[in-house]
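Peer 1: TSV, C-alpha atoms, file my_file_5.tsv:
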chain	number	residue	atom	x	y	z
A	1	MET	CA	-32.86	-3.20	-1.10
A	2	SER	CA	-34.84	-2.92	2.13
A	3	THR	CA	-33.18	-3.17	5.51
A	4	SER	CA	-34.97	-6.42	6.18
A	5	THR	CA	-33.43	-8.12	3.15
A	6	ARG	CA	-29.87	-6.88	3.52
A	7	THR	CA	-27.22	-9.41	4.46
A	8	PRO	CA	-25.81	-9.19	8.01
A	9	ASP	CA	-22.46	-7.96	6.68
A	10	ALA	CA	-24.09	-5.33	4.50
A	11	ALA	CA	-26.27	-4.14	7.36
A	12	ARG	CA	-23.27	-3.98	9.67
A	13	ASP	CA	-21.30	-1.97	7.14
A	14	GLY	CA	-24.14	0.38	6.36
A	15	ALA	CA	-23.49	-0.37	2.70
A	16	GLY	CA	-26.71	-1.99	1.49
A	17	THR	CA	-27.17	0.51	-1.34
A	18	ASN	CA	-23.58	1.53	-1.98
A	19	PRO	CA	-20.88	-0.86	-0.76
A	20	TRP	CA	-18.18	1.60	-1.84
A	21	ARG	CA	-19.49	4.43	0.33
A	22	TRP	CA	-17.04	5.43	3.07
A	23	ARG	CA	-18.25	5.20	6.66
A	24	VAL	CA	-16.97	7.28	9.56
A	25	VAL	CA	-15.12	4.21	10.85
A	26	ASP	CA	-13.40	3.84	7.47
A	27	ILE	CA	-12.11	7.41	7.66
A	28	VAL	CA	-10.91	6.98	11.24
A	29	VAL	CA	-9.16	3.68	10.54
A	30	ALA	CA	-7.55	5.05	7.37
A	31	ALA	CA	-6.11	7.90	9.42
A	32	VAL	CA	-4.89	5.56	12.18
A	33	LEU	CA	-3.32	3.18	9.67
A	34	GLY	CA	-1.69	6.10	7.86
A	35	VAL	CA	-0.11	7.42	11.05
A	36	ALA	CA	1.08	3.97	12.15
A	37	ILE	CA	2.56	3.18	8.76
A	38	GLY	CA	4.11	6.65	8.61
A	39	LEU	CA	6.01	5.78	11.79
A	40	LEU	CA	7.06	2.52	10.13
A	41	PHE	CA	8.30	4.52	7.11
A	42	TRP	CA	10.29	6.78	9.43
A	43	GLY	CA	12.05	3.79	10.97
A	44	TRP	CA	12.59	2.20	7.59
A	45	ASN	CA	14.24	5.39	6.34
A	46	VAL	CA	17.26	4.32	8.42
A	47	VAL	CA	17.15	0.53	8.05
A	48	GLY	CA	15.92	0.43	4.48
A	49	GLY	CA	18.13	3.32	3.48
A	50	ALA	CA	21.21	1.46	4.70
A	51	TRP	CA	20.09	-1.72	2.94
A	52	PHE	CA	19.42	0.23	-0.25
A	53	GLY	CA	22.87	1.77	-0.21
A	54	ALA	CA	24.65	-1.51	0.52
A	55	ALA	CA	22.77	-3.41	-2.21
A	56	ASP	CA	23.30	-0.61	-4.73
A	57	ALA	CA	27.01	-0.66	-3.99
A	58	VAL	CA	27.11	-4.34	-4.99
A	59	THR	CA	25.19	-3.82	-8.23
A	60	PRO	CA	23.67	-0.47	-9.28
A	61	GLY	CA	19.90	-0.86	-9.25
A	62	LEU	CA	19.90	-3.74	-6.76
A	63	GLY	CA	18.96	-1.30	-4.02
A	64	GLY	CA	15.39	-1.50	-5.28
A	65	ILE	CA	15.04	-4.70	-3.28
A	66	ALA	CA	14.72	-2.58	-0.12
A	67	VAL	CA	11.93	-0.32	-1.41
A	68	GLY	CA	8.95	-2.56	-0.63
A	69	ILE	CA	8.28	-1.41	2.93
A	70	TRP	CA	7.78	2.14	1.65
A	71	LEU	CA	5.00	0.75	-0.57
A	72	ILE	CA	3.10	-1.13	2.12
A	73	GLY	CA	0.65	1.63	3.06
A	74	GLY	CA	-1.39	1.33	-0.10
A	75	VAL	CA	-1.57	-2.44	0.16
A	76	ILE	CA	-2.70	-2.47	3.78
A	77	GLY	CA	-5.18	0.35	3.24
A	78	GLY	CA	-6.76	-1.45	0.32
A	79	LEU	CA	-6.90	-4.81	2.10
A	80	VAL	CA	-8.51	-3.40	5.24
A	81	ILE	CA	-10.96	-0.77	3.99
A	82	ARG	CA	-11.69	-2.30	0.57
A	83	LYS	CA	-13.17	0.83	-0.98
A	84	PRO	CA	-12.08	3.19	-3.77
A	85	GLY	CA	-9.40	5.58	-2.59
A	86	ALA	CA	-8.36	3.58	0.49
A	87	ALA	CA	-4.96	2.51	-0.85
A	88	LEU	CA	-4.22	6.06	-1.99
A	89	VAL	CA	-5.35	7.73	1.23
A	90	VAL	CA	-3.39	5.48	3.59
A	91	GLU	CA	-0.19	5.67	1.54
A	92	VAL	CA	-0.40	9.48	1.27
A	93	VAL	CA	-1.17	9.97	4.98
A	94	ALA	CA	1.78	7.71	5.84
A	95	ALA	CA	4.02	9.72	3.51
A	96	ILE	CA	2.90	12.99	5.10
A	97	VAL	CA	3.61	11.64	8.60
A	98	SER	CA	7.05	10.45	7.50
A	99	MET	CA	7.80	13.88	6.03
A	100	LEU	CA	6.58	15.79	9.10
A	101	ILE	CA	8.66	13.68	11.47
A	102	GLY	CA	11.65	14.42	9.29
A	103	ASN	CA	13.56	12.77	6.49
A	104	VAL	CA	16.06	13.72	3.79
A	105	TRP	CA	13.50	13.74	0.96
A	106	GLY	CA	11.14	16.45	2.19
A	107	VAL	CA	8.04	17.18	0.12
A	108	SER	CA	9.05	14.65	-2.53
A	109	THR	CA	8.04	12.01	0.04
A	110	VAL	CA	4.42	13.07	-0.36
A	111	LEU	CA	4.63	13.15	-4.15
A	112	SER	CA	6.15	9.68	-4.11
A	113	GLY	CA	3.43	8.46	-1.74
A	114	LEU	CA	0.77	9.84	-4.05
A	115	VAL	CA	2.17	7.97	-7.05
A	116	GLN	CA	2.76	4.74	-5.12
A	117	GLY	CA	-0.74	4.86	-3.65
A	118	LEU	CA	-2.19	5.27	-7.13
A	119	GLY	CA	-0.20	2.26	-8.32
A	120	ALA	CA	-1.69	0.04	-5.61
A	121	GLU	CA	-5.13	1.60	-6.08
A	122	LEU	CA	-5.12	0.69	-9.76
A	123	ILE	CA	-4.70	-3.01	-8.98
A	124	PHE	CA	-7.59	-3.07	-6.51
A	125	ALA	CA	-9.70	-1.17	-9.06
A	126	LEU	CA	-8.88	-3.73	-11.77
A	127	PHE	CA	-10.47	-6.36	-9.53
A	128	LEU	CA	-13.42	-4.01	-8.87
A	129	TYR	CA	-12.58	-3.93	-5.14
A	130	ARG	CA	-13.94	-7.47	-4.80
A	131	ARG	CA	-10.83	-9.62	-4.44
A	132	PHE	CA	-8.35	-9.22	-1.60
A	133	GLY	CA	-6.38	-12.46	-1.42
A	134	LEU	CA	-2.65	-12.94	-1.26
A	135	GLY	CA	-2.27	-12.81	-5.04
A	136	VAL	CA	-4.07	-9.49	-5.34
A	137	ALA	CA	-2.06	-8.09	-2.41
A	138	ALA	CA	1.18	-9.09	-4.15
A	139	LEU	CA	0.00	-7.51	-7.41
A	140	ALA	CA	-0.91	-4.31	-5.56
A	141	GLY	CA	2.63	-4.24	-4.20
A	142	VAL	CA	3.98	-4.69	-7.72
A	143	GLY	CA	1.69	-1.91	-8.96
A	144	ALA	CA	2.98	0.45	-6.29
A	145	GLY	CA	6.56	-0.55	-7.13
A	146	VAL	CA	6.19	0.03	-10.85
A	147	ALA	CA	4.56	3.40	-10.14
A	148	ALA	CA	7.51	4.33	-7.91
A	149	TRP	CA	9.91	3.28	-10.68
A	150	VAL	CA	8.13	5.50	-13.22
A	151	PHE	CA	8.11	8.43	-10.78
A	152	GLU	CA	11.83	8.14	-10.13
A	153	LEU	CA	12.50	7.74	-13.83
A	154	PHE	CA	11.47	11.33	-14.46
A	155	TYR	CA	11.42	13.16	-11.11
A	156	GLY	CA	14.17	15.26	-9.54
A	157	SER	CA	17.39	16.94	-10.55
A	158	SER	CA	18.97	13.58	-11.41
A	159	PRO	CA	16.14	11.35	-12.70
A	160	ASN	CA	16.83	7.71	-13.43
A	161	ILE	CA	16.18	8.23	-17.13
A	162	LEU	CA	19.67	9.73	-17.27
A	163	LYS	CA	21.12	6.44	-16.05
A	164	SER	CA	21.85	3.32	-18.08
A	165	LEU	CA	19.28	0.89	-19.43
A	166	GLU	CA	20.97	-1.83	-17.38
A	167	PHE	CA	20.49	0.14	-14.16
A	168	ASN	CA	16.84	0.89	-14.87
A	169	THR	CA	16.07	-2.70	-15.83
A	170	ILE	CA	17.67	-4.10	-12.67
A	171	TYR	CA	15.99	-1.44	-10.57
A	172	LEU	CA	12.56	-2.14	-12.08
A	173	VAL	CA	12.84	-5.88	-11.46
A	174	CYS	CA	14.07	-5.36	-7.90
A	175	VAL	CA	11.40	-2.79	-7.03
A	176	ALA	CA	8.66	-5.01	-8.45
A	177	LEU	CA	9.90	-8.04	-6.50
A	178	SER	CA	10.28	-5.99	-3.33
A	179	GLY	CA	6.78	-4.62	-3.80
A	180	ALA	CA	5.34	-8.10	-4.24
A	181	ILE	CA	7.09	-9.51	-1.16
A	182	LEU	CA	7.70	-6.71	1.35
A	183	ALA	CA	4.55	-4.73	0.53
A	184	GLY	CA	2.21	-7.42	-0.81
A	185	VAL	CA	2.95	-10.61	1.13
A	186	VAL	CA	4.08	-8.88	4.34
A	187	GLY	CA	1.16	-6.45	4.13
A	188	TRP	CA	-1.31	-9.32	3.71
A	189	LEU	CA	0.19	-11.16	6.68
A	190	LEU	CA	0.07	-8.03	8.84
A	191	VAL	CA	-3.62	-7.51	8.03
A	192	ARG	CA	-4.38	-11.11	9.00
A	193	ALA	CA	-2.42	-10.70	12.24
A	194	LEU	CA	-4.34	-7.51	13.00
A	195	ALA	CA	-7.64	-9.24	12.21
A	196	LYS	CA	-6.83	-12.00	14.71
A	197	THR	CA	-6.76	-9.42	17.50
A	198	GLY	CA	-10.36	-8.48	16.75
A	199	ALA	CA	-9.40	-4.93	15.79
A	200	LEU	CA	-10.96	-5.36	12.34
A	201	SER	CA	-14.31	-6.77	13.46
A	202	ARG	CA	-16.08	-3.85	11.75
A	203	PHE	CA	-14.46	-4.79	8.44
A	204	ALA	CA	-14.85	-7.67	6.01
A	205	ALA	CA	-11.17	-8.51	6.49
A	206	GLY	CA	-11.81	-9.29	10.15
A	207	ARG	CA	-15.05	-11.20	9.62
A	208	GLU	CA	-13.51	-13.35	6.89
A	209	LEU	CA	-10.81	-14.56	9.25
A	210	ALA	CA	-13.39	-15.23	11.95
A	211	ARG	CA	-15.34	-17.44	9.53
A	212	GLU	CA	-12.15	-19.34	8.63
A	213	VAL	CA	-11.63	-20.35	12.25
As structure tokens - that is how I would like this structure written.
Peer 2:
Amino acid sequence: MSTSTRTPDAARDGAGTNPWRWRVVDIVVAAVLGVAIGLLFWGWNVVGGAWFGAADAVTPGLGGIAVGIWLIGGVIGGLVIRKPGAALVVEVVAAIVSMLIGNVWGVSTVLSGLVQGLGAELIFALFLYRRFGLGVAALAGVGAGVAAWVFELFYGSSPNILKSLEFNTIYLVCVALSGAILAGVVGWLLVRALAKTGALSRFAAGRELAREV
């Protein structure tokens, strides 16, 4: 496709021949989002950790309802950058930042981030990186949550597979719901709020909102 026949959005993105090709701005924004969300993870380690413990004390497995914020990196990365690998990169960078600042999980934070990012990435890939509405965002959150559940089922010195079927069922349902709401819906709303500031004018997410208004 010649430059003269490319759409304005394609020309602006530099993606006339390969819309999935990462630009320098994509890399920079992925890094910035990863750091910002990593700081969010660090704060949530206290708030979410307390919520997790309190809910789990009521019913074992119910603590999964607090997990969603730790899944939000992949959702936001995918919604903003909209290219293969974006969900994975942002979630992993956020996990690395959270680990470097300091938490009780250490390197397992990065492994968890890798798995969760892949879970969200899979959902965006299923829609061929062409749909980014609220429903897809919620599904990406669920994908990240289910991936986290599988990871915890087998990882560590006391994996969840050693626990009861009742616990794992409750935990799966709670993590999936938390992923859909706290990662998917909240992530989608945060991206729209960010777009309203004009910070995403170089991205389709920002231009879509501008066309709506």
Peer 1: Pick the closest to A:Leu189 from A:Ala205, A:Val28, A:Ala95, A:Leu134: which is it, counting all atoms listed in the file?
Peer 2: A:Leu134
Peer 1: Neighbouring residues of stretch 116-121 of chain A were defined as those with any atom within 6 Å, considering all atoms listed in the file; residues of the same chain fewer than 4 positions away were excluded. Please report them as a ChimeraX atom specification.
Peer 2: /A:74,87-88,91,140,143-144,147-148
Peer 1: Counting all atoms listed in the file, which residues have an atom no more than 12 Å from (2.3, 10.7, 7.4) in the file's coordinates? Please list them as an NGL selection string.
Peer 2: :A and (30-42 or 70 or 73 or 89-103 or 106-107 or 109-110 or 113-114)
Peer 1: Just to be explicit: take each residue in the selection above, keep C-alpha atoms, and write the result as a JSON list (two decimals), in the coordinates of the input.
Peer 2:
[["chain", "number", "residue", "atom", "x", "y", "z"],
["A", 30, "ALA", "CA", -7.55, 5.05, 7.37],
["A", 31, "ALA", "CA", -6.11, 7.90, 9.42],
["A", 32, "VAL", "CA", -4.89, 5.56, 12.18],
["A", 33, "LEU", "CA", -3.32, 3.18, 9.67],
["A", 34, "GLY", "CA", -1.69, 6.10, 7.86],
["A", 35, "VAL", "CA", -0.11, 7.42, 11.05],
["A", 36, "ALA", "CA", 1.08, 3.97, 12.15],
["A", 37, "ILE", "CA", 2.56, 3.18, 8.76],
["A", 38, "GLY", "CA", 4.11, 6.65, 8.61],
["A", 39, "LEU", "CA", 6.01, 5.78, 11.79],
["A", 40, "LEU", "CA", 7.06, 2.52, 10.13],
["A", 41, "PHE", "CA", 8.30, 4.52, 7.11],
["A", 42, "TRP", "CA", 10.29, 6.78, 9.43],
["A", 70, "TRP", "CA", 7.78, 2.14, 1.65],
["A", 73, "GLY", "CA", 0.65, 1.63, 3.06],
["A", 89, "VAL", "CA", -5.35, 7.73, 1.23],
["A", 90, "VAL", "CA", -3.39, 5.48, 3.59],
["A", 91, "GLU", "CA", -0.19, 5.67, 1.54],
["A", 92, "VAL", "CA", -0.40, 9.48, 1.27],
["A", 93, "VAL", "CA", -1.17, 9.97, 4.98],
["A", 94, "ALA", "CA", 1.78, 7.71, 5.84],
["A", 95, "ALA", "CA", 4.02, 9.72, 3.51],
["A", 96, "ILE", "CA", 2.90, 12.99, 5.10],
["A", 97, "VAL", "CA", 3.61, 11.64, 8.60],
["A", 98, "SER", "CA", 7.05, 10.45, 7.50],
["A", 99, "MET", "CA", 7.80, 13.88, 6.03],
["A", 100, "LEU", "CA", 6.58, 15.79, 9.10],
["A", 101, "ILE", "CA", 8.66, 13.68, 11.47],
["A", 102, "GLY", "CA", 11.65, 14.42, 9.29],
["A", 103, "ASN", "CA", 13.56, 12.77, 6.49],
["A", 106, "GLY", "CA", 11.14, 16.45, 2.19],
["A", 107, "VAL", "CA", 8.04, 17.18, 0.12],
["A", 109, "THR", "CA", 8.04, 12.01, 0.04],
["A", 110, "VAL", "CA", 4.42, 13.07, -0.36],
["A", 113, "GLY", "CA", 3.43, 8.46, -1.74],
["A", 114, "LEU", "CA", 0.77, 9.84, -4.05]]
Peer 1: Please determine, counting only C-alpha atoms, which residue among A:Phe151, A:Phe167, A:Trp105, A:Phe203 has the shortest atom-to-atom distance to A:Gly77.
Peer 2: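 Once distances to A:Gly77 are computed over only C-alpha atoms, the minimum belongs to A:Phe203.
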Peer 1: So, counting all atoms listed in the file, which residue among A:Val136, A:Ala66, A:Leu122, A:Ala176 is closest to A:Gly85?
Peer 2: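 Smallest distance to A:Gly85 is found for A:Leu122.
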Peer 1: Calculate how many Å separate atom CA of A:Gly156 from atom CA of A:Val47, rounding to one decimal.
Peer 2: 23.1 Å
Peer 1: One decimal, Å: what's the distance from atom CA of A:Leu172 over to atom CA of A:Leu79, could you say?
Peer 2: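 Straight-line distance from atom CA of A:Leu172 to atom CA of A:Leu79 works out to 24.2 Å.
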Peer 1: Looking at A:Gly49, A:Gly63, A:Gly78, A:Gly43, which one is nearest to A:Asp26, with distances taken over all atoms listed in the file?
Peer 2: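 Of all the options, A:Gly78 lies closest to A:Asp26.
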Peer 1: What is the atom CA of A:Val80 to atom CA of A:Val29 distance in Å?
Peer 2: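 We find that atom CA of A:Val80 and atom CA of A:Val29 lie 8.9 Å from each other.
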Peer 1: Tell me which of A:Arg82, A:Ile69, A:Ala138, A:Ala55 sits closest to A:Arg23, counting all atoms listed in the file.
Peer 2: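 The closest residue to A:Arg23 is A:Arg82.
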Peer 1: Rank nothing, just name the residue among A:Trp22, A:Trp188, A:Trp149, A:Trp44 nearest to A:Gly135, using only C-alpha atoms.
Peer 2: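 Result for the nearest residue to A:Gly135: A:Trp188.
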Peer 1: Could you work out an axis-aligned box for stretch 82-95 of chain A, taking every atom the file lists and adding 4 Å on each side, and report centre and edge lengths in Å to one decimal, as JSON?
Peer 2:
{"center_x": -4.6, "center_y": 3.8, "center_z": 1.0, "size_x": 25.2, "size_y": 20.3, "size_z": 17.6}
Peer 1: Would you be able to write out as number ranges by chain which residues have an atom within 10 Å of (-15.1, -5.4, -3.4) in the file's coordinates, counting only C-alpha atoms?
Peer 2: A: 19-20, 78-79, 81-84, 124-125, 127-132, 204
Peer 1: Using only C-alpha atoms, which protein or nucleic acid residues come within 12 Å of A:Thr169? Drop anything in the same chain fewer than 6 positions from it, and give the result as a PyMOL selection string.
Peer 2: chain A and resi 59-62+64+146+149-150+153+160-161+163+175-176
